[in-house]
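Next up, final_0.txt (compact mmCIF, C-alpha atoms):
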```txt
# COMPACT_ATOMS: atom_id res chain seq x y z
CA MET A 1 -3.47 -14.82 7.58
CA THR A 2 -2.17 -11.48 8.82
CA LEU A 3 -0.26 -8.91 6.80
CA ASP A 4 2.84 -9.99 8.74
CA ASP A 5 2.32 -13.58 7.58
CA LEU A 6 1.77 -12.49 4.00
CA TYR A 7 4.85 -10.26 4.06
CA ALA A 8 6.94 -13.15 5.44
CA THR A 9 5.72 -15.41 2.63
CA ILE A 10 6.46 -12.76 0.01
CA SER A 11 9.94 -12.14 1.45
CA ALA A 12 10.68 -15.86 1.37
CA ARG A 13 9.80 -15.92 -2.33
CA LYS A 14 12.55 -13.39 -3.14
CA THR A 15 15.02 -16.26 -3.42
CA ALA A 16 12.61 -18.82 -4.87
CA ASP A 17 12.72 -20.15 -8.41
CA PRO A 18 10.55 -17.81 -10.51
CA SER A 19 8.81 -20.81 -12.03
CA SER A 20 7.63 -21.83 -8.56
CA SER A 21 5.20 -18.98 -7.85
CA TRP A 22 3.62 -15.79 -9.17
CA THR A 23 5.27 -13.83 -6.35
CA ALA A 24 8.72 -15.16 -7.26
CA GLN A 25 8.08 -14.30 -10.92
CA LEU A 26 7.02 -10.76 -10.06
CA LEU A 27 9.99 -10.18 -7.74
CA ALA A 28 12.38 -11.56 -10.37
CA LYS A 29 11.18 -8.85 -12.77
CA GLY A 30 12.52 -6.20 -10.41
CA PRO A 31 11.24 -3.36 -8.26
CA GLU A 32 10.07 -1.28 -11.20
CA LYS A 33 7.71 -4.03 -12.39
CA CYS A 34 6.49 -4.54 -8.81
CA ALA A 35 5.72 -0.82 -8.56
CA GLU A 36 3.94 -0.85 -11.92
CA LYS A 37 1.78 -3.79 -10.82
CA PHE A 38 0.91 -2.01 -7.56
CA GLY A 39 -0.17 1.04 -9.55
CA GLU A 40 -2.37 -1.04 -11.85
CA GLU A 41 -4.08 -2.67 -8.88
CA ALA A 42 -4.59 0.69 -7.15
CA ILE A 43 -6.31 2.06 -10.26
CA GLU A 44 -8.55 -1.00 -10.43
CA ALA A 45 -9.52 -0.48 -6.78
CA ILE A 46 -10.32 3.18 -7.47
CA ILE A 47 -12.57 2.20 -10.37
CA GLU A 48 -14.51 -0.26 -8.21
CA ALA A 49 -14.84 2.32 -5.41
CA VAL A 50 -16.27 4.86 -7.85
CA LYS A 51 -18.67 2.24 -9.22
CA ASP A 52 -19.70 1.37 -5.63
CA ASP A 53 -19.17 -2.32 -6.31
CA LYS A 54 -18.37 -3.53 -2.81
CA PRO A 55 -17.50 -7.16 -3.66
CA ALA A 56 -15.24 -6.07 -6.50
CA LEU A 57 -13.67 -3.35 -4.34
CA THR A 58 -13.02 -5.92 -1.62
CA SER A 59 -11.24 -8.15 -4.12
CA GLU A 60 -9.23 -5.28 -5.59
CA ALA A 61 -8.31 -4.02 -2.10
CA ALA A 62 -6.83 -7.45 -1.35
CA ASP A 63 -4.84 -7.20 -4.59
CA VAL A 64 -3.64 -3.70 -3.61
CA LEU A 65 -2.44 -4.88 -0.20
CA TYR A 66 -0.67 -7.90 -1.70
CA HIS A 67 1.06 -5.85 -4.39
CA LEU A 68 2.02 -3.14 -1.88
CA LEU A 69 3.77 -5.79 0.19
CA VAL A 70 5.49 -7.17 -2.92
CA MET A 71 6.67 -3.67 -3.82
CA LEU A 72 8.00 -3.10 -0.29
CA ALA A 73 9.80 -6.46 -0.32
CA SER A 74 11.30 -5.70 -3.72
CA ARG A 75 12.99 -2.65 -2.19
CA ASP A 76 13.83 -4.34 1.13
CA VAL A 77 11.48 -2.11 3.12
CA PRO A 78 10.29 -4.10 6.15
CA LEU A 79 6.57 -4.04 6.81
CA GLN A 80 7.41 -3.24 10.42
CA ASP A 81 8.98 0.04 9.29
CA VAL A 82 5.68 1.03 7.67
CA LEU A 83 3.74 -0.02 10.76
CA ASP A 84 6.14 1.98 12.96
CA GLU A 85 5.58 5.04 10.77
CA LEU A 86 1.81 4.63 11.11
CA ALA A 87 2.19 4.36 14.89
CA ARG A 88 4.32 7.52 14.92
CA ARG A 89 1.69 9.38 12.96
CA GLN A 90 -1.09 8.15 15.22
CA SER A 91 0.23 10.36 18.01
CA LYS A 92 -0.59 13.48 15.95
CA SER A 93 -3.81 14.75 14.49
CA GLY A 94 -4.11 14.06 10.78
CA LEU A 95 -4.03 17.77 9.94
CA ALA A 96 -0.94 18.41 12.10
CA GLU A 97 0.84 15.37 10.65
CA LYS A 98 0.11 16.41 7.07
CA ALA A 99 1.28 19.95 7.76
CA SER A 100 4.59 18.62 9.12
CA ARG A 101 5.47 16.92 5.81
```
Let's see the structure in the file written out as structure tokens.
Amino acid sequence: MTLDDLYATISARKTADPSSSWTAQLLAKGPEKCAEKFGEEAIEAIIEAVKDDKPALTSEAADVLYHLLVMLASRDVPLQDVLDELARRQSKSGLAEKASR
């Protein structure tokens, strides 16, 4: 499964019955809850990175990516827009890009 596939599945769940899936339940709670969940997962990933627990970090990283996509979908931000922004930034050095913000 690619991130595109996952994003498509998440987007399809926006109109699903919340009792039908975790994603539908999360989206039904609104963008604020989706953002909160993303933040929780990011903190858990940070903890595992600091502990140098690679299997746990791998699992938490998957959770972070999933919840990032849920958060984007909750605010109708297409994944392609994020990928386009990354491509735009790729044409600059990291230092130059950061300085331009």
| request: Would you list the contacts of segment 66-76 of chain A as a ChimeraX atom specification, taking every protein, DNA or RNA residue within 12 Å and counting all atoms listed in the file, but skipping same-chain residues closer than 5 positions in sequence? | output: /A:1-15,22-42,59-61,81-82
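Each of A:Lys92, A:Ile43, A:Leu65, A:Thr58 was checked against Leu79 of chain A using all atoms listed in the file; the smallest atom-to-atom distance is that of A:Leu65.
Coordinates place atom CA of Ala62 of chain A at a distance of 23.5 Å from atom CA of Gln90 of chain A.
Note that the spacing between atom CA of Ile46 of chain A and atom CA of Asp63 of chain A amounts to 12.1 Å.
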Could you add the missing atoms to segment 62-96 of chain A, up to N, CA and C atoms, and return them as a compact mmCIF listing (two decimals), keeping the file's coordinate frame?
```
# COMPACT_ATOMS: atom_id res chain seq x y z
N ALA A 62 -7.74 -6.36 -1.70
CA ALA A 62 -6.83 -7.45 -1.35
C ALA A 62 -5.64 -7.47 -2.32
N ASP A 63 -5.92 -7.25 -3.60
CA ASP A 63 -4.84 -7.20 -4.59
C ASP A 63 -3.89 -6.03 -4.30
N VAL A 64 -4.45 -4.88 -3.92
CA VAL A 64 -3.64 -3.70 -3.61
C VAL A 64 -2.71 -4.00 -2.43
N LEU A 65 -3.26 -4.58 -1.36
CA LEU A 65 -2.44 -4.88 -0.20
C LEU A 65 -1.32 -5.87 -0.55
N TYR A 66 -1.67 -6.92 -1.28
CA TYR A 66 -0.67 -7.90 -1.70
C TYR A 66 0.44 -7.23 -2.51
N HIS A 67 0.05 -6.45 -3.52
CA HIS A 67 1.06 -5.85 -4.39
C HIS A 67 1.85 -4.76 -3.68
N LEU A 68 1.27 -4.09 -2.70
CA LEU A 68 2.02 -3.14 -1.88
C LEU A 68 3.13 -3.88 -1.13
N LEU A 69 2.77 -5.02 -0.55
CA LEU A 69 3.77 -5.79 0.19
C LEU A 69 4.86 -6.32 -0.74
N VAL A 70 4.49 -6.73 -1.94
CA VAL A 70 5.49 -7.17 -2.92
C VAL A 70 6.43 -6.02 -3.28
N MET A 71 5.86 -4.84 -3.49
CA MET A 71 6.67 -3.67 -3.82
C MET A 71 7.62 -3.33 -2.68
N LEU A 72 7.13 -3.36 -1.45
CA LEU A 72 8.00 -3.10 -0.29
C LEU A 72 9.12 -4.13 -0.23
N ALA A 73 8.79 -5.40 -0.38
CA ALA A 73 9.80 -6.46 -0.32
C ALA A 73 10.82 -6.30 -1.43
N SER A 74 10.38 -5.86 -2.60
CA SER A 74 11.30 -5.70 -3.72
C SER A 74 12.36 -4.64 -3.46
N ARG A 75 12.05 -3.72 -2.56
CA ARG A 75 12.99 -2.65 -2.19
C ARG A 75 13.53 -2.83 -0.77
N ASP A 76 13.32 -4.02 -0.21
CA ASP A 76 13.83 -4.34 1.13
C ASP A 76 13.35 -3.37 2.20
N VAL A 77 12.10 -2.96 2.10
CA VAL A 77 11.48 -2.11 3.12
C VAL A 77 10.65 -3.03 4.00
N PRO A 78 11.05 -3.22 5.26
CA PRO A 78 10.29 -4.10 6.15
C PRO A 78 8.89 -3.56 6.43
N LEU A 79 7.93 -4.44 6.46
CA LEU A 79 6.57 -4.04 6.81
C LEU A 79 6.56 -3.37 8.17
N GLN A 80 7.38 -3.84 9.09
CA GLN A 80 7.41 -3.24 10.42
C GLN A 80 7.78 -1.76 10.38
N ASP A 81 8.63 -1.37 9.43
CA ASP A 81 8.98 0.04 9.29
C ASP A 81 7.75 0.87 8.93
N VAL A 82 6.92 0.33 8.06
CA VAL A 82 5.68 1.03 7.67
C VAL A 82 4.73 1.10 8.87
N LEU A 83 4.61 0.00 9.59
CA LEU A 83 3.74 -0.02 10.76
C LEU A 83 4.25 0.94 11.83
N ASP A 84 5.56 1.03 12.00
CA ASP A 84 6.14 1.98 12.96
C ASP A 84 5.83 3.42 12.55
N GLU A 85 5.90 3.69 11.26
CA GLU A 85 5.58 5.04 10.77
C GLU A 85 4.11 5.37 11.02
N LEU A 86 3.23 4.41 10.81
CA LEU A 86 1.81 4.63 11.11
C LEU A 86 1.61 4.91 12.60
N ALA A 87 2.30 4.15 13.44
CA ALA A 87 2.19 4.36 14.89
C ALA A 87 2.69 5.75 15.27
N ARG A 88 3.78 6.18 14.65
CA ARG A 88 4.32 7.52 14.92
C ARG A 88 3.31 8.59 14.55
N ARG A 89 2.67 8.40 13.42
CA ARG A 89 1.69 9.38 12.96
C ARG A 89 0.43 9.38 13.80
N GLN A 90 0.12 8.26 14.42
CA GLN A 90 -1.09 8.15 15.22
C GLN A 90 -1.07 9.09 16.42
N SER A 91 0.12 9.49 16.84
CA SER A 91 0.23 10.36 18.01
C SER A 91 -0.08 11.81 17.67
N LYS A 92 -0.27 12.12 16.39
CA LYS A 92 -0.59 13.48 15.95
C LYS A 92 -1.96 13.48 15.30
N SER A 93 -2.57 14.66 15.27
CA SER A 93 -3.81 14.75 14.49
C SER A 93 -3.44 14.65 13.02
N GLY A 94 -4.37 14.20 12.21
CA GLY A 94 -4.11 14.06 10.78
C GLY A 94 -3.71 15.38 10.13
N LEU A 95 -4.35 16.46 10.52
CA LEU A 95 -4.03 17.77 9.94
C LEU A 95 -2.63 18.22 10.35
N ALA A 96 -2.27 18.01 11.63
CA ALA A 96 -0.94 18.41 12.10
C ALA A 96 0.13 17.55 11.42
```
